[in-house]
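Chemist: File follows, upload-v6.cif with mmCIF, C-alpha atoms and all ligand atoms:
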```cif
data_start
loop_
_atom_site.label_atom_id
_atom_site.label_comp_id
_atom_site.auth_asym_id
_atom_site.auth_seq_id
_atom_site.Cartn_x
_atom_site.Cartn_y
_atom_site.Cartn_z
CA MET A 187 0.00 0.00 0.00
CA THR A 188 1.35 3.39 -0.94
CA VAL A 189 1.48 6.32 1.47
CA GLU A 190 -1.31 7.99 -0.44
CA SER A 191 -3.61 5.02 -0.44
CA THR A 192 -3.00 4.46 3.29
CA ALA A 193 -4.07 8.01 3.93
CA ARG A 194 -7.06 7.54 1.71
CA ALA A 195 -8.14 4.41 3.53
CA LYS A 196 -7.97 6.17 6.85
CA THR A 197 -9.85 9.22 5.73
CA PRO A 198 -13.48 8.80 4.77
CA ARG A 199 -13.67 10.73 1.52
CA SER A 200 -17.12 12.12 2.07
CA GLY A 201 -16.86 12.71 5.82
CA VAL A 202 -20.37 11.34 5.80
CA LYS A 203 -19.82 8.60 8.29
CA ARG A 204 -19.30 11.30 10.86
CA THR A 205 -22.52 13.00 9.88
CA ALA A 206 -24.47 9.77 10.05
CA THR A 207 -23.06 8.90 13.49
CA LYS A 208 -23.82 12.37 14.73
CA THR A 209 -27.38 12.29 13.52
CA THR A 210 -28.03 9.02 15.29
CA LYS A 211 -26.44 10.24 18.50
CA LYS A 212 -28.36 13.46 18.35
CA ALA A 213 -31.63 11.67 17.83
CA ALA A 214 -30.84 9.29 20.72
CA ALA A 215 -29.85 12.15 23.00
CA LYS A 216 -33.08 13.91 22.21
CA LYS A 217 -35.11 10.83 22.92
CA ALA A 218 -33.36 9.67 26.10
CA PRO A 219 -34.15 12.51 28.47
CA ALA A 220 -37.66 13.00 27.12
CA LYS A 221 -39.96 13.19 30.10
CA LYS A 222 -43.21 13.51 28.29
CA ALA A 223 -44.64 11.57 25.38
CA THR A 224 -44.89 14.83 23.43
CA GLY A 225 -41.13 15.42 23.86
CA ALA A 226 -40.32 11.98 22.52
CA LYS A 227 -42.75 12.47 19.68
CA ALA A 228 -41.19 15.78 18.73
CA ALA A 229 -37.73 14.22 18.82
CA ALA A 230 -38.84 11.35 16.61
CA LYS A 231 -40.39 13.80 14.17
CA LYS A 232 -37.18 15.80 14.04
CA ALA A 233 -35.11 12.65 13.49
CA ALA A 234 -37.45 11.54 10.71
CA ALA A 235 -37.02 14.89 8.99
CA LYS A 236 -33.33 14.07 8.54
CA ALA A 237 -32.05 11.83 5.75
CA PRO A 238 -33.41 8.29 6.05
CA ALA A 239 -31.28 6.23 8.45
CA GLY A 240 -28.79 3.89 6.86
CA ARG A 241 -28.65 5.65 3.50
CA PRO A 242 -24.96 6.23 2.85
CA GLU A 243 -23.98 9.66 1.65
CA PRO A 244 -22.41 9.51 -1.81
CA GLU A 245 -18.72 9.70 -2.45
CA MET A 246 -17.37 13.01 -3.55
CA VAL A 247 -14.39 13.87 -5.66
CA GLN A 248 -11.40 14.57 -3.46
CA LEU A 249 -7.75 15.09 -4.40
CA LEU A 250 -6.48 16.50 -1.11
CA THR A 251 -7.54 15.05 2.24
CA PRO A 252 -8.30 17.27 5.23
CA GLU A 253 -4.82 16.32 6.49
CA GLY A 254 -3.27 17.69 3.32
CA VAL A 255 -2.40 14.38 1.68
CA ARG A 256 -2.72 14.09 -2.11
CA VAL A 257 -4.98 11.26 -3.22
CA GLU A 258 -5.94 10.10 -6.68
CA HIS A 259 -9.38 9.87 -8.20
CA PRO A 260 -10.23 7.51 -11.06
CA ASP A 261 -11.98 10.18 -13.15
CA TYR A 262 -10.40 13.46 -12.14
CA THR A 263 -6.80 14.44 -12.01
CA ILE A 264 -4.99 17.72 -11.88
CA ASP A 265 -2.09 19.07 -13.83
CA ILE A 266 -0.65 21.83 -11.69
CA ASP A 267 2.82 23.16 -10.94
CA ALA A 268 4.29 24.51 -7.72
CA ASP A 269 3.74 28.15 -8.66
CA GLU A 270 0.08 27.52 -9.35
CA LEU A 271 -0.31 25.67 -6.05
CA ARG A 272 1.24 28.59 -4.19
CA GLY A 273 -1.04 30.89 -6.18
CA LEU A 274 -4.13 29.04 -4.98
CA TYR A 275 -2.90 29.35 -1.40
CA ARG A 276 -2.32 33.07 -1.87
CA ASP A 277 -5.79 33.54 -3.39
CA MET A 278 -7.47 31.77 -0.49
CA VAL A 279 -5.53 33.58 2.24
CA LEU A 280 -6.09 37.01 0.70
CA THR A 281 -9.78 36.28 0.17
CA ARG A 282 -10.22 35.15 3.76
CA ARG A 283 -8.41 38.23 5.00
CA PHE A 284 -10.54 40.53 2.86
CA ASP A 285 -13.67 38.82 4.17
CA ALA A 286 -12.54 39.21 7.80
CA GLU A 287 -11.82 42.87 7.15
CA ALA A 288 -15.27 43.42 5.64
CA THR A 289 -16.90 41.74 8.65
CA ALA A 290 -14.93 44.02 10.97
CA LEU A 291 -15.90 47.06 8.90
CA GLN A 292 -19.56 46.12 9.26
CA ARG A 293 -19.11 45.85 13.03
CA GLN A 294 -17.52 49.31 13.00
CA GLY A 295 -20.58 50.73 11.25
CA GLU A 296 -18.90 51.24 7.88
CA LEU A 297 -21.13 48.67 6.12
CA GLY A 298 -24.82 47.98 6.57
CA LEU A 299 -24.40 44.24 6.12
CA TRP A 300 -21.79 41.66 5.13
CA PRO A 301 -22.27 38.06 3.92
CA SER A 302 -19.11 36.21 4.90
CA LEU A 303 -17.60 33.46 2.75
CA LEU A 304 -15.56 32.01 5.61
CA GLY A 305 -15.05 28.30 4.95
CA GLN A 306 -15.98 28.47 1.27
CA GLU A 307 -12.63 29.74 -0.05
CA ALA A 308 -11.66 26.51 -1.82
CA ALA A 309 -15.03 26.18 -3.55
CA GLN A 310 -14.72 29.72 -4.86
CA ILE A 311 -11.03 29.91 -5.71
CA GLY A 312 -10.96 26.41 -7.22
CA SER A 313 -13.90 27.17 -9.50
CA GLY A 314 -12.87 30.78 -10.20
CA ARG A 315 -9.37 29.73 -11.28
CA ALA A 316 -10.80 27.14 -13.68
CA LEU A 317 -12.17 29.90 -15.90
CA ARG A 318 -10.85 31.84 -18.86
CA PRO A 319 -11.21 35.63 -19.03
CA ASP A 320 -13.89 35.35 -21.73
CA ASP A 321 -16.06 33.03 -19.62
CA TYR A 322 -18.93 34.75 -17.83
CA VAL A 323 -19.90 34.45 -14.16
CA PHE A 324 -23.28 35.08 -12.55
CA PRO A 325 -22.71 35.18 -8.77
CA THR A 326 -24.93 35.33 -5.68
CA TYR A 327 -24.00 37.86 -2.98
CA ARG A 328 -21.27 35.71 -1.36
CA GLU A 329 -18.83 35.09 -4.22
CA HIS A 330 -16.03 37.36 -2.99
CA GLY A 331 -13.42 34.72 -3.84
CA VAL A 332 -14.71 34.32 -7.38
CA ALA A 333 -14.74 38.12 -7.75
CA TRP A 334 -11.09 38.09 -6.71
CA CYS A 335 -10.27 35.52 -9.39
CA ARG A 336 -12.09 37.62 -11.97
CA GLY A 337 -9.93 40.63 -11.10
CA VAL A 338 -12.66 42.75 -9.49
CA ASP A 339 -11.08 45.13 -6.99
CA PRO A 340 -12.16 43.90 -3.50
CA ALA A 341 -12.98 47.46 -2.43
CA GLN A 342 -15.57 47.60 -5.18
CA LEU A 343 -17.48 44.74 -3.58
CA LEU A 344 -18.21 46.90 -0.56
CA GLY A 345 -20.16 49.75 -2.17
CA MET A 346 -23.51 48.00 -2.29
CA PHE A 347 -23.15 46.82 1.31
CA ARG A 348 -22.33 50.38 2.33
CA GLY A 349 -25.39 51.57 0.48
CA VAL A 350 -23.56 53.98 -1.83
CA ASN A 351 -24.33 52.20 -5.11
CA ASN A 352 -26.39 49.38 -6.57
CA GLY A 353 -23.50 47.21 -7.61
CA GLY A 354 -20.14 48.87 -7.79
CA TRP A 355 -18.48 47.43 -10.86
CA ASP A 356 -19.06 47.12 -14.57
CA PRO A 357 -20.02 43.46 -15.15
CA ASN A 358 -18.60 43.50 -18.66
CA SER A 359 -15.14 44.66 -17.57
CA ASN A 360 -14.38 41.34 -15.90
CA ASN A 361 -17.25 39.16 -17.15
CA PHE A 362 -18.50 39.04 -13.58
CA HIS A 363 -22.13 40.00 -13.21
CA LEU A 364 -23.40 42.14 -10.33
CA TYR A 365 -24.20 40.45 -7.03
CA THR A 366 -27.74 39.09 -7.00
CA ILE A 367 -29.78 39.02 -3.83
CA VAL A 368 -32.97 37.51 -5.26
CA ILE A 369 -32.27 33.87 -4.57
CA GLY A 370 -31.79 31.70 -7.64
CA SER A 371 -32.69 34.34 -10.22
CA GLN A 372 -29.16 34.50 -11.61
CA ALA A 373 -29.44 30.84 -12.69
CA LEU A 374 -31.92 32.01 -15.29
CA HIS A 375 -29.82 35.02 -16.26
CA ALA A 376 -26.86 32.71 -16.77
CA THR A 377 -28.89 30.26 -18.81
CA GLY A 378 -30.21 33.01 -21.06
CA TYR A 379 -26.70 34.38 -21.49
CA ALA A 380 -25.40 30.89 -22.28
CA MET A 381 -28.13 30.34 -24.87
CA GLY A 382 -27.00 33.60 -26.49
CA VAL A 383 -23.38 32.51 -26.43
CA ALA A 384 -24.34 29.29 -28.19
CA LYS A 385 -26.25 31.21 -30.85
CA ASP A 386 -23.19 33.43 -31.39
CA GLY A 387 -21.11 30.31 -31.92
CA ALA A 388 -18.64 31.43 -29.22
CA ASP A 389 -16.79 28.91 -27.07
CA THR A 390 -17.44 30.82 -23.86
CA ALA A 391 -18.56 28.92 -20.77
CA VAL A 392 -21.02 30.49 -18.33
CA LEU A 393 -20.98 29.80 -14.61
CA ALA A 394 -24.02 30.25 -12.40
CA TYR A 395 -23.34 30.21 -8.67
CA PHE A 396 -26.05 29.53 -6.12
CA GLY A 397 -26.57 27.92 -2.74
CA ASP A 398 -28.24 24.79 -1.44
CA GLY A 399 -31.32 26.77 -0.46
CA ALA A 400 -31.60 28.25 -3.93
CA THR A 401 -32.15 24.79 -5.41
CA SER A 402 -35.68 24.95 -3.99
CA GLN A 403 -36.46 28.01 -6.10
CA GLY A 404 -38.54 27.73 -9.24
CA ASP A 405 -36.01 29.87 -11.10
CA VAL A 406 -33.32 27.23 -10.64
CA ALA A 407 -35.65 24.46 -11.81
CA GLU A 408 -36.56 26.53 -14.88
CA ALA A 409 -32.89 27.21 -15.58
CA PHE A 410 -32.16 23.47 -15.42
CA THR A 411 -34.94 22.73 -17.89
CA PHE A 412 -34.04 25.47 -20.37
CA SER A 413 -30.31 24.80 -20.27
CA ALA A 414 -30.84 21.08 -20.84
CA VAL A 415 -33.34 21.48 -23.66
CA TYR A 416 -31.24 24.13 -25.41
CA ASN A 417 -27.95 22.42 -24.60
CA ALA A 418 -26.69 25.72 -23.18
CA PRO A 419 -22.99 26.03 -22.25
CA VAL A 420 -23.68 26.73 -18.58
CA VAL A 421 -22.18 25.16 -15.47
CA PHE A 422 -24.36 25.31 -12.38
CA PHE A 423 -22.07 25.64 -9.40
CA CYS A 424 -23.99 24.95 -6.21
CA GLN A 425 -22.13 25.68 -3.00
CA ASN A 426 -23.87 23.38 -0.56
CA ASN A 427 -22.75 25.11 2.62
CA GLN A 428 -25.28 23.02 4.58
CA TRP A 429 -27.48 25.96 5.54
CA ALA A 430 -29.89 28.42 3.97
CA ILE A 431 -29.90 30.92 6.82
CA SER A 432 -31.39 28.71 9.58
CA GLU A 433 -32.73 25.95 7.31
CA PRO A 434 -30.53 22.85 6.96
CA THR A 435 -30.19 21.03 3.62
CA GLU A 436 -32.49 18.30 4.93
CA ARG A 437 -35.24 20.84 4.49
CA GLN A 438 -34.36 21.44 0.85
CA THR A 439 -33.99 17.96 -0.53
CA ARG A 440 -34.38 14.24 0.15
CA VAL A 441 -31.69 13.30 -2.37
CA PRO A 442 -28.13 14.61 -2.65
CA LEU A 443 -28.40 17.85 -4.58
CA TYR A 444 -26.12 16.87 -7.46
CA GLN A 445 -28.46 13.96 -8.26
CA ARG A 446 -31.17 16.44 -9.23
CA ALA A 447 -29.36 16.99 -12.54
CA ALA A 448 -30.20 13.48 -13.75
CA GLY A 449 -33.89 14.31 -13.76
CA TYR A 450 -33.22 17.15 -16.17
CA GLY A 451 -30.96 15.14 -18.43
CA PHE A 452 -27.47 16.40 -17.66
CA PRO A 453 -24.67 15.18 -15.42
CA GLY A 454 -24.20 16.19 -11.81
CA ILE A 455 -21.28 15.60 -9.50
CA ARG A 456 -20.44 16.17 -5.87
CA VAL A 457 -16.98 17.50 -5.10
CA ASP A 458 -15.28 18.14 -1.78
CA GLY A 459 -15.84 21.87 -1.67
CA ASN A 460 -13.07 22.35 0.88
CA ASP A 461 -10.51 20.81 -1.46
CA VAL A 462 -9.31 23.47 -3.86
CA LEU A 463 -7.58 20.95 -6.15
CA ALA A 464 -10.66 18.78 -6.57
CA VAL A 465 -12.86 21.81 -7.21
CA LEU A 466 -10.39 23.10 -9.79
CA ALA A 467 -10.22 19.73 -11.55
CA VAL A 468 -13.98 19.19 -11.62
CA THR A 469 -14.79 22.74 -12.74
CA ARG A 470 -12.16 22.62 -15.48
CA ALA A 471 -13.79 19.46 -16.82
CA ALA A 472 -17.28 20.97 -16.62
CA VAL A 473 -16.36 24.18 -18.44
CA GLU A 474 -14.55 22.16 -21.09
CA ARG A 475 -17.74 20.13 -21.63
CA ALA A 476 -19.74 23.34 -21.93
CA ARG A 477 -17.28 24.88 -24.39
CA THR A 478 -17.28 21.85 -26.61
CA GLY A 479 -21.04 21.80 -27.03
CA GLN A 480 -21.82 19.06 -24.53
CA GLY A 481 -24.29 21.13 -22.56
CA PRO A 482 -24.87 21.97 -18.91
CA MET A 483 -23.55 20.29 -15.80
CA LEU A 484 -24.29 20.63 -12.10
CA ILE A 485 -21.44 20.72 -9.61
CA GLU A 486 -22.35 20.40 -5.96
CA ALA A 487 -19.44 21.70 -3.90
CA PHE A 488 -19.92 20.13 -0.47
CA THR A 489 -18.70 22.75 1.96
CA TYR A 490 -19.66 24.69 5.06
CA ARG A 491 -20.46 28.25 5.96
CA MET A 492 -18.25 28.66 9.03
CA GLY A 493 -19.55 32.10 9.89
CA ALA A 494 -22.99 33.59 10.21
CA HIS A 495 -25.31 33.81 7.18
CA THR A 496 -24.72 37.56 7.28
CA THR A 497 -23.69 39.96 10.01
CA SER A 498 -27.41 40.19 10.89
CA ASP A 499 -27.58 36.50 11.73
CA ASP A 500 -26.77 34.59 14.92
CA PRO A 501 -26.02 30.96 13.98
CA THR A 502 -25.79 29.87 17.64
CA ARG A 503 -29.60 30.00 17.60
CA TYR A 504 -29.89 27.05 15.23
CA ARG A 505 -26.66 25.03 15.06
CA SER A 506 -24.17 23.52 17.46
CA ASP A 507 -20.56 24.40 18.18
CA ASP A 508 -19.71 20.74 17.58
CA GLU A 509 -20.89 20.97 14.01
CA ARG A 510 -18.71 23.98 13.34
CA ALA A 511 -15.75 22.32 15.04
CA ALA A 512 -16.12 19.23 12.84
CA TRP A 513 -15.94 21.41 9.74
CA GLU A 514 -13.05 23.47 11.09
CA ALA A 515 -11.05 20.26 10.99
CA LYS A 516 -11.63 20.26 7.22
CA ASP A 517 -10.50 23.87 6.74
CA PRO A 518 -9.67 24.49 3.08
CA ILE A 519 -6.69 26.74 3.68
CA LEU A 520 -5.01 24.64 6.35
CA ARG A 521 -5.13 21.52 4.22
CA LEU A 522 -3.40 23.19 1.27
CA ARG A 523 -0.86 24.73 3.60
CA ALA A 524 -0.16 21.32 5.14
CA TYR A 525 0.36 19.89 1.67
CA LEU A 526 2.67 22.72 0.59
CA GLU A 527 4.74 22.38 3.75
CA ASN A 528 4.92 18.59 3.62
CA GLU A 529 6.05 18.70 0.01
CA GLN A 530 8.46 21.55 0.79
CA LEU A 531 6.76 23.79 -1.73
CA ALA A 532 6.34 26.67 0.71
CA ASP A 533 8.89 27.96 3.18
CA GLU A 534 8.58 30.43 6.04
CA ALA A 535 9.54 33.34 3.81
CA PHE A 536 6.74 32.55 1.36
CA LEU A 537 4.11 32.19 4.08
CA ALA A 538 5.26 35.41 5.73
CA SER A 539 5.12 37.27 2.41
CA ILE A 540 1.48 36.25 1.95
CA ASP A 541 0.62 37.45 5.46
CA GLU A 542 2.35 40.73 4.72
CA GLU A 543 0.44 41.10 1.45
CA SER A 544 -2.81 40.42 3.35
CA ASP A 545 -2.04 43.22 5.80
CA THR A 546 -1.36 45.64 2.96
CA MET A 547 -4.54 44.66 1.14
CA ALA A 548 -6.62 44.98 4.31
CA LYS A 549 -5.22 48.44 4.96
CA ARG A 550 -6.04 49.51 1.42
CA VAL A 551 -9.62 48.21 1.78
CA ARG A 552 -10.08 50.12 5.05
CA GLU A 553 -8.80 53.31 3.47
CA ALA A 554 -10.98 52.82 0.39
CA ILE A 555 -14.17 52.42 2.39
CA ARG A 556 -13.53 55.43 4.55
CA THR A 557 -13.00 57.62 1.53
CA MET A 558 -15.84 56.17 -0.54
CA PRO A 559 -17.99 59.12 -1.59
CA ASP A 560 -21.69 59.29 -0.76
CA PRO A 561 -23.70 59.43 -3.97
CA PRO A 562 -25.88 62.44 -4.84
CA ALA A 563 -29.25 61.72 -3.19
CA MET A 564 -31.06 62.50 -6.44
CA SER A 565 -29.17 59.71 -8.22
CA MET A 566 -31.47 57.14 -6.61
CA PHE A 567 -33.98 58.01 -9.32
CA ASP A 568 -31.50 57.30 -12.14
CA ASN A 569 -31.25 54.04 -14.09
CA ILE A 570 -34.64 52.71 -13.02
CA TYR A 571 -36.13 52.67 -16.53
CA ALA A 572 -34.03 52.94 -19.66
CA ASP A 573 -36.40 55.52 -21.17
CA GLY A 574 -37.75 57.17 -18.02
CA HIS A 575 -41.16 56.77 -16.42
CA ALA A 576 -43.86 59.26 -15.39
CA LEU A 577 -44.17 57.88 -11.86
CA VAL A 578 -40.41 58.06 -11.28
CA ASP A 579 -40.45 61.66 -12.57
CA GLU A 580 -43.19 62.48 -10.09
CA GLU A 581 -41.31 60.87 -7.19
CA ARG A 582 -38.10 62.67 -8.19
CA ALA A 583 -39.90 66.03 -8.16
CA GLN A 584 -41.53 65.25 -4.80
CA TYR A 585 -38.22 64.32 -3.23
CA ALA A 586 -36.46 67.37 -4.69
CA ALA A 587 -39.15 69.64 -3.15
CA TYR A 588 -38.85 67.83 0.18
CA ALA A 589 -35.04 68.07 0.22
CA ALA A 590 -35.21 71.75 -0.72
CA SER A 591 -37.37 72.42 2.35
CA PHE A 592 -34.24 71.97 4.50
CA ALA A 593 -32.01 75.01 4.77
CA ASP A 594 -28.75 73.07 4.41
CA THR A 595 -29.59 70.82 1.42
CA ASP A 596 -27.14 71.18 -1.45
CA GLU A 597 -27.86 71.07 -5.19
CA GLU A 598 -27.50 67.27 -5.30
CA GLY A 599 -30.19 66.81 -2.68
CA ASN A 600 -27.70 65.79 0.02
C1 LIG B 701 -36.46 34.97 -3.70
C2 LIG B 701 -35.87 35.17 -2.34
N1 LIG B 701 -36.43 34.56 -1.29
C3 LIG B 701 -35.91 34.72 -0.04
C4 LIG B 701 -34.82 35.53 0.15
C5 LIG B 701 -34.22 35.71 1.53
N2 LIG B 701 -32.96 34.96 1.63
C6 LIG B 701 -31.78 35.59 1.54
S1 LIG B 701 -30.48 34.53 1.65
C7 LIG B 701 -31.51 33.21 1.82
C8 LIG B 701 -30.94 31.82 1.98
C9 LIG B 701 -30.18 31.35 0.81
O1 LIG B 701 -29.54 30.14 1.11
P1 LIG B 701 -28.59 29.41 0.09
O2 LIG B 701 -29.20 29.40 -1.26
O3 LIG B 701 -28.23 28.11 0.69
O4 LIG B 701 -27.31 30.37 0.01
P2 LIG B 701 -26.28 30.78 1.16
O5 LIG B 701 -26.78 32.07 1.75
O6 LIG B 701 -26.22 29.68 2.14
O7 LIG B 701 -24.98 31.02 0.48
C10 LIG B 701 -32.84 33.61 1.80
C11 LIG B 701 -33.98 32.69 1.97
C12 LIG B 701 -34.27 36.17 -0.99
N3 LIG B 701 -33.20 36.95 -0.89
N4 LIG B 701 -34.80 35.97 -2.22
MG MG B 702 -26.55 27.62 1.78
#
```
Step by step, read the file and then write its structure as structure tokens.
Ligand SMILES: Cc1ncc(C[n+]2csc(CCOP(=O)(O)OP(=O)(O)O)c2C)c(N)n1
Ligand SMILES: [Mg+2]
Modeler:
Amino acid sequence: MTVESTARAKTPRSGVKRTATKTTKKAAAKKAPAKKATGAKAAAKKAAAKAPAGRPEPEMVQLLTPEGVRVEHPDYTIDIDADELRGLYRDMVLTRRFDAEATALQRQGELGLWPSLLGQEAAQIGSGRALRPDDYVFPTYREHGVAWCRGVDPAQLLGMFRGVNNGGWDPNSNNFHLYTIVIGSQALHATGYAMGVAKDGADTAVLAYFGDGATSQGDVAEAFTFSAVYNAPVVFFCQNNQWAISEPTERQTRVPLYQRAAGYGFPGIRVDGNDVLAVLAVTRAAVERARTGQGPMLIEAFTYRMGAHTTSDDPTRYRSDDERAAWEAKDPILRLRAYLENEQLADEAFLASIDEESDTMAKRVREAIRTMPDPPAMSMFDNIYADGHALVDEERAQYAAYAASFADTDEEGN
């Protein structure tokens, strides 16, 4: 047995055994102290709402174990050199640092809200780095790591959350669409875009990001149908971070999410979303399929949202510390770092240089937000309709009159 296969044998690829054991224990613990019949009944109902007992969770593609050991997969492999590996580490560290900075800025009152990506760095960097510049991405509101890969300035991601603009970047500059808050709607935008790409005869691939909760939306179901029927070059990248605010995935589906694709007539696959190499390999294959006219594919990146849903959320209300701790042991950055160190691909100087770069970037982001100009108040009436609208004109006039009633209002209505 090789070193790699030993490691593989010791490490359950899916980490599902742990989940199954935990579910059983939890159900038993709930039942045991139940004093009243109603308590036991409620516990049984809760246990039944979970995945049926005994059903094994499917395998997922993994190329790097949580301990940082490279393993092989029969269908997916990765061709990557040391520089690229170090680049992936850099991307993930900088993204995490940016995210931490944004969370702190929200706490300091500089942002109204922040949706953290903590824990999802590998899913985002692995998929983002699988793309070409001419590919097109339709994100949710949490894809800060993908934005980084697309070359969007991190400071630009903050404007909408500060309330000074409705987006903050030109989608066509980096082929990275604006953040979308309406859950699942961007799956349809991506599908429509991909259908257009196919009609143009371009070999662009389109990526639609969404969460586990979004898979329950009609828009996502419609996007699956249209993309399959029109053989659209779109890759659906679902980050299953186990939660849709306070709703667990058990409340979204009774089958593993990637298996939904089969019902629509295209392939689906589950990948270890905390393994940047596996995500890169699987996404590369999916975009290649799309580019070569083989149609859509669904990737389910099995990961975990380690932080709160947003800064307005308190996850301690609905999930346990144990659950978070179990996922912390599968941290995407630590496993790549362990691999780099074990293989002597990263020395102290390299690691220190990344930390230093993170500090510089964080400082720049702090300075950018504090000097971000407030928009003219009257601009809120711009860009609502392409050709204007009588009602908007009326509201604009009303607001202008109201603003003018204050002695210190300037010409821009501020
Ligand atoms: C159409 C719609 N319904 C409800 C909401 C409120 N909402 C915001 S985030 C969210 C949960 C989304 O969960 P998931 O798709 O798993 O993505 P995650 O936030 O976990 O990344 C909901 C229900 C919304 N923004 N849009
Ligand atoms: Mg989710």
Chemist: Go ahead and find all residues with at least one atom no further than 10 Å from (-3.8, 14.7, -2.5) in the file's coordinates, using all atoms listed in the file; report them as an MDAnalysis selection string.
Modeler: chainID A and resid 190:191 193:194 248:259 263:264 461 463:464 521:522 525
Chemist: Find the residues of region 306-420 of chain A that sit at most 10 Å from region 472-494 of chain A; for each, write down the nearest two atoms and how far apart they are in Å, to one decimal. Count all atoms listed in the file. Sort by chain, then by number going up, and give it as CSV.
Modeler:
```
residue,atom,partner,partner_atom,distance
A:Gln306,CA,A:Thr489,CA,6.4
A:Glu307,CA,A:Thr489,CA,9.5
A:Ala308,CA,A:Thr489,CA,8.8
A:Ala309,CA,A:Ala487,CA,6.3
A:Gln310,CA,A:Ala487,CA,9.4
A:Ser313,CA,A:Ala487,CA,9.6
A:Ala316,CA,A:Val473,CA,7.9
A:Leu317,CA,A:Val473,CA,7.5
A:Arg318,CA,A:Val473,CA,9.4
A:Asp321,CA,A:Val473,CA,8.9
A:Thr377,CA,A:Pro482,CA,9.2
A:Ala380,CA,A:Ala476,CA,9.4
A:Val383,CA,A:Arg477,CA,10.0
A:Ala384,CA,A:Gly479,CA,8.3
A:Gly387,CA,A:Gly479,CA,9.8
A:Ala388,CA,A:Arg477,CA,8.3
A:Asp389,CA,A:Arg477,CA,4.9
A:Thr390,CA,A:Arg477,CA,6.0
A:Ala391,CA,A:Arg477,CA,5.6
A:Val392,CA,A:Val473,CA,7.8
A:Leu393,CA,A:Val473,CA,8.2
A:Ala394,CA,A:Leu484,CA,9.6
A:Tyr395,CA,A:Ile485,CA,9.7
A:Phe396,CA,A:Glu486,CA,9.9
A:Gly397,CA,A:Glu486,CA,9.2
A:Asp398,CA,A:Glu486,CA,8.6
A:Phe410,CA,A:Pro482,CA,8.2
A:Phe412,CA,A:Pro482,CA,9.9
A:Ser413,CA,A:Pro482,CA,6.3
A:Ala414,CA,A:Pro482,CA,6.3
A:Val415,CA,A:Gly481,CA,9.1
A:Tyr416,CA,A:Gly481,CA,8.1
A:Asn417,CA,A:Gly481,CA,4.4
A:Ala418,CA,A:Gly481,CA,5.2
A:Pro419,CA,A:Ala476,CA,4.2
A:Val420,CA,A:Pro482,CA,4.9
```
Chemist: With all atoms listed in the file counted and 8 Å as the cut-off, give the residues of chain A in contact with ligand MG 702 (chain B), each with its shortest interatomic distance in Å and the pair that gives it, as a tab-separated table.
Modeler:
```
residue	atom	partner	partner_atom	distance
A:Gly397	CA	B:MG702	MG	4.5
A:Asp398	CA	B:MG702	MG	4.6
A:Gly399	CA	B:MG702	MG	5.3
A:Ala400	CA	B:MG702	MG	7.6
A:Gln425	CA	B:MG702	MG	6.8
A:Asn426	CA	B:MG702	MG	5.5
A:Asn427	CA	B:MG702	MG	4.6
A:Gln428	CA	B:MG702	MG	5.5
A:Trp429	CA	B:MG702	MG	4.2
A:Ala430	CA	B:MG702	MG	4.1
A:Ile431	CA	B:MG702	MG	6.9
A:Thr435	CA	B:MG702	MG	7.8
A:Arg491	CA	B:MG702	MG	7.4
```
Chemist: Kindly give the distance, in Å, that separates CA of Phe324 (chain A) and CA of Thr366 (chain A), rounded to a single decimal.
Modeler: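 Those two atoms sit 8.2 Å apart.
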Chemist: Interatomic distance between CA of Ile540 (chain A) and CA of Arg276 (chain A)?
Modeler: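 If I compute the distance from CA of Ile540 (chain A) to CA of Arg276 (chain A), I get 6.3 Å.
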Chemist: Out of A:Thr546, A:Thr281, A:Thr439, A:Gln294, which residue has the shortest atom-to-atom distance to ligand LIG 701 (chain B) when counting all atoms listed in the file?
Modeler: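 Result for the nearest residue to ligand LIG 701 (chain B): A:Thr439.
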Chemist: What gap, in Å, lies between CA of Leu520 (chain A) and CA of Glu553 (chain A)?
Modeler: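 Result for CA of Leu520 (chain A) versus CA of Glu553 (chain A): 29.1 Å, one decimal.
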